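**Q** Below: one structure in structure tokens.
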Amino acid sequence: MSIENFSSSWYLLENHHSTSFDDLRAGLAHMKRKAKHRSEGPIAFVKTNLSSTLDCLDSLQNMYSKFCTDDIRGEFINSYAVLLMQAKSCADGLFQEVLGRKDKADSTRNALSVLQRFKFLFYLPLNLQRNIQKGDYNMVINDYIRARSLFADTQVQVFRKVYKEVENQINEFRDMLKQKLMELPNSLENQKKLIKYLISLECSGDPAWECLVNQQKWLTTILLRCKEQHLQEEKESQPNGDVFGTPQKTSNLSRAKPGDSNSLKLEHGSSKFTNPQRIMYIEELCEILTYNLPDLWKLGQAYFSGALIVKEQTGEKAFKIDVSKHSQFKQMITDTISLFSNLVRAAFLPQTLPEKLSAEDKTKYGQWNQVIPGDWLPSCVRHIRNCVWSLSLLDLPGESPTVINDLAFDMRTNCMFTLLKQAISDIQQLHIKETWIVETDDESGGTTQLPALFENIVNETIQHLHEVVVQNKQGEPEIFGQRTVQKDSTQLCSELLQAFVPCLDCLAFTPVMAGGSSNTADDSKKRFSTSSMDFEEHSLQFDKRLIIMLSNCSHTMERIIPRLVENLNKHGYVEMNKALQTTRERYEELDSKLFEAYIEEKSNPIVGAIEQNMYRGRFDWKTCRKPVGVRNYLKDVIMKMIEVHAEVFAVSPSFVTRVTQKVVESVSEEITRVIECVTEFNEHGKLQARVELKALQETVKLYITPHANQCFKEANG
């Protein structure tokens with residue numbers, strides 16, 4: 001500062017370019033105090049003793065003049081010099097201790113002054129340790145950056161020693177931050193903070209990219225670990241014979257955190273009902289992916305945008321991002337999504353795993369043994385669809401959206417096909433629930449509970465599928481958009497509507513104990529009831545089963561099937577008109593079969609007894625007496641026809657005309673045949689035959705068909 005060309009501005013730029021303005025002001029005040037202290041000591045002493053000092057100087061000058069005048073040889077001067085040296089030595093001996101203490105005090109004062117001036121550096125190791133323990137990492141980084149700018153290149157030994165200790169602490173601090181960054185699970189915000197801390201501390205390598213790679217490996221590991229855990233639990237549960245409960249729409253399944261595999265119990269009042277391991281497995285898989293993949297993707301986006309590698313102190317990027325890492329990151333995301341997809345497919349759709357996978361690779365994704373009831377599949381589809389919807393908000397790159405959407409679509413179609421097949425199986429087993437209790441109303445006539453049960457099963461299946469599978473969320477493909485799905489769904493819907501046909505056929509033609517396989521005393525007392533008939537259930541006759549099933553078939557074909565097809569059309573199922581046509585054909589075939597069997601069952605006894613009863617008592621048309629009325633055989637025929645009429649009317653009035661007309665045709669054909677076989681009539685015989693034919697014709701005139709009328713004409717001719 002004492003040179004002539006000293007420039008304060010250049011001095012500050014060279015030595016204090018990173019010092020804050022407040023620190024510069026403090027340094028200036030310190031320099032002023034130091035200069036003032038330095039100048040005040042000697043000057044004050046001189047001012048106080050100025051007159052004495054001048055007198056001493058005058059006296060010394062006078063003494064020197066006189067000595068020079070009197071001492072020609074100069075001997076006295078030498079003696080006086082010796083005396084003065086002796087006086088000095090004596091004075092030094094007297095004041096040496098005082099002067100030593102003064103020097104020590106000055107040294108201590110100078111040391112304290114240095115310590116006070118550079119107390120920031122000397123207290124820095126302790127302050128760093130305290131701030132690290134408190135978690136105030138921003139203060140640690142700011143203090144370190146300030147110390148580095150001031151003392152990184154210092155040549156003062158004590159400063160270098162303290163700064164080296166600071167560097168050791170910061171190295172340990174870097175290691176601690178890096179270890180925390182690699183510990184998972186961790187929140188996205190916390191990861192970003194740790195990465196920025198490491199960037200500010202100029203950590204070696206690329207902590208952000210290392211964090212991305214580590215997090216992707218960790219996510220892959222926990223997905224595979226989840227698979228192994230649930231596979232093991234499934235193997236352990238098999239010997240115990242765990243019973244799977246039926247999922248309830250209103251049951252609240254607790255949401256498991258990632259990594260939490262606690263078993264979920266259904267509210268059945270007994271712990272023996274448990275969720276299948278595969279259901280808990282897919283729920284946990286979806287939660288792991290939903291919770292962790294968005295953080296991985298967002299962290300990657302922040303990294304490639306440069307937000308994570310910017311130094312907060314200067315606003316500059318710490319380094320340039322390698323462009324090739326962007327494609328690597330996309331592949332990491334795709335690999336994670338593919339792993340998740342293959343794990344789910346191995347558990348529920350093993351036949352859809354990629355063909356390029358080897359047998360060993362397919363085994364890696366898991367081999368499950370227990371069969372999952374179809375009632376659980378909607379729950380799986382809900383989890384998958386919710387997971388896909390959450391991931392769709394991320395705008396994932398490359399093939400990831402296709403992979404995850406294909407998985408959801410395949411799960412939806414599999415669920416739809418499985419539930420339709422299960423509904424078909426349930427309908428085919430309805431015959432065991434038949435009670436043979438006929439309920440009559442004006443619309444449908446007499447039917448049992450089976451048609452209503454059939455309709456309920458179909459409608460519940462349609463509604464359930466609509467809520468879980470058919471109804472599309474935003475961004476999802478149309479479930480019936482693919483031709484193969486259209487074709488298979490139409491075929492299954494057609495089979496679903498036709499599944500009731502074998503059930504009706506079985507009940508009509510297979511003699512079974514009504515009400516299923518129950519054999520208790522109470523069950524044996526159940527009775528078959530109509531508005532006019534009561535038959536014991538275990539003795540239900542073949543003709544009664546035929547007419548009841550005929551009524552059920554007609555009601556199903558005319559009323560239930562059109563309603564079901566309308567419901568299917570309303571919910572978006574395609575080509576239902578084609579399914580309706582084939583279904584009608586099946587029900588019409590069954591209707592014809594049942595009707596013909598019933599007519600045969602009811603008309604054969606009547607027709608078979610006509611000829612025998614006509615000639616009872618050795619009756620002969622050639623020797624017939626004068627007629628006094630119709631004979632008993634005709635009365636018997638009419639009574640049996642009335643019995644058929646009553647039986648049909650009691651079950652389904654709509655069938656009376658159809659059945660009675662067929663019976664009348666059979667009776668008219670038989671009577672015509674018998675009469676045409678007569679070779680000779682006497683006059684009374686001719687009259688008797690005409691009376692009986694006329695009586696029968698008048699009795700059944702409401703049900704005479706053209707064919708029956710032709711038969712009567714031939715008989716009268």
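Numbering starts fresh at 1 for the residues of each chain in the structure tokens, the chains themselves are lettered A, B, ... in the order given, and ligands are numbered from 1 as they appear.
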I'd like the contact shell of A:Gln429 - 10 Å cut-off, only C-alpha atoms, skipping same-chain residues fewer than 6 positions apart - returned as a PyMOL selection string.
**A** chain A and resi 423+499-500+502-503
**Q** Keeping N, CA and C atoms, export the residues of the selection given above as an mmCIF file, in the first residue's frame.
**A**
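File written: result24.cif
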```cif
data_model
loop_
_atom_site.group_PDB
_atom_site.id
_atom_site.type_symbol
_atom_site.label_atom_id
_atom_site.label_comp_id
_atom_site.auth_asym_id
_atom_site.auth_seq_id
_atom_site.Cartn_x
_atom_site.Cartn_y
_atom_site.Cartn_z
ATOM 1 N N ALA A 423 -70.099 -67.298 -16.252
ATOM 2 C CA ALA A 423 -71.553 -67.119 -16.253
ATOM 3 C C ALA A 423 -72.228 -68.260 -17.023
ATOM 4 N N ALA A 499 -76.943 -70.908 -23.110
ATOM 5 C CA ALA A 499 -76.545 -71.836 -22.045
ATOM 6 C C ALA A 499 -77.735 -72.332 -21.242
ATOM 7 N N PHE A 500 -78.847 -71.601 -21.305
ATOM 8 C CA PHE A 500 -80.033 -71.999 -20.542
ATOM 9 C C PHE A 500 -80.758 -73.166 -21.213
ATOM 10 N N PRO A 502 -79.555 -76.184 -22.481
ATOM 11 C CA PRO A 502 -79.262 -77.501 -21.895
ATOM 12 C C PRO A 502 -79.848 -77.680 -20.499
ATOM 13 N N CYS A 503 -79.924 -76.583 -19.756
ATOM 14 C CA CYS A 503 -80.496 -76.666 -18.413
ATOM 15 C C CYS A 503 -81.971 -77.066 -18.486
#
```
**Q** I'd like to know which of A:Trp621, A:Phe67, A:Phe454, A:Phe340 is closest to A:Thr679, using only C-alpha atoms.
**A** A:Trp621
**Q** Which residue out of A:Ala452, A:Leu198, A:Leu124, A:Leu24 has the minimum interatomic distance to A:Tyr163 when only C-alpha atoms are used?
**A** A:Leu124
**Q** Counting only C-alpha atoms, figure out which residue out of A:Gly446, A:Cys493, A:Ile561, A:Val700 gets nearest to A:Ser652.
**A**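 Checking each candidate against A:Ser652, we get A:Gly446 as the closest.
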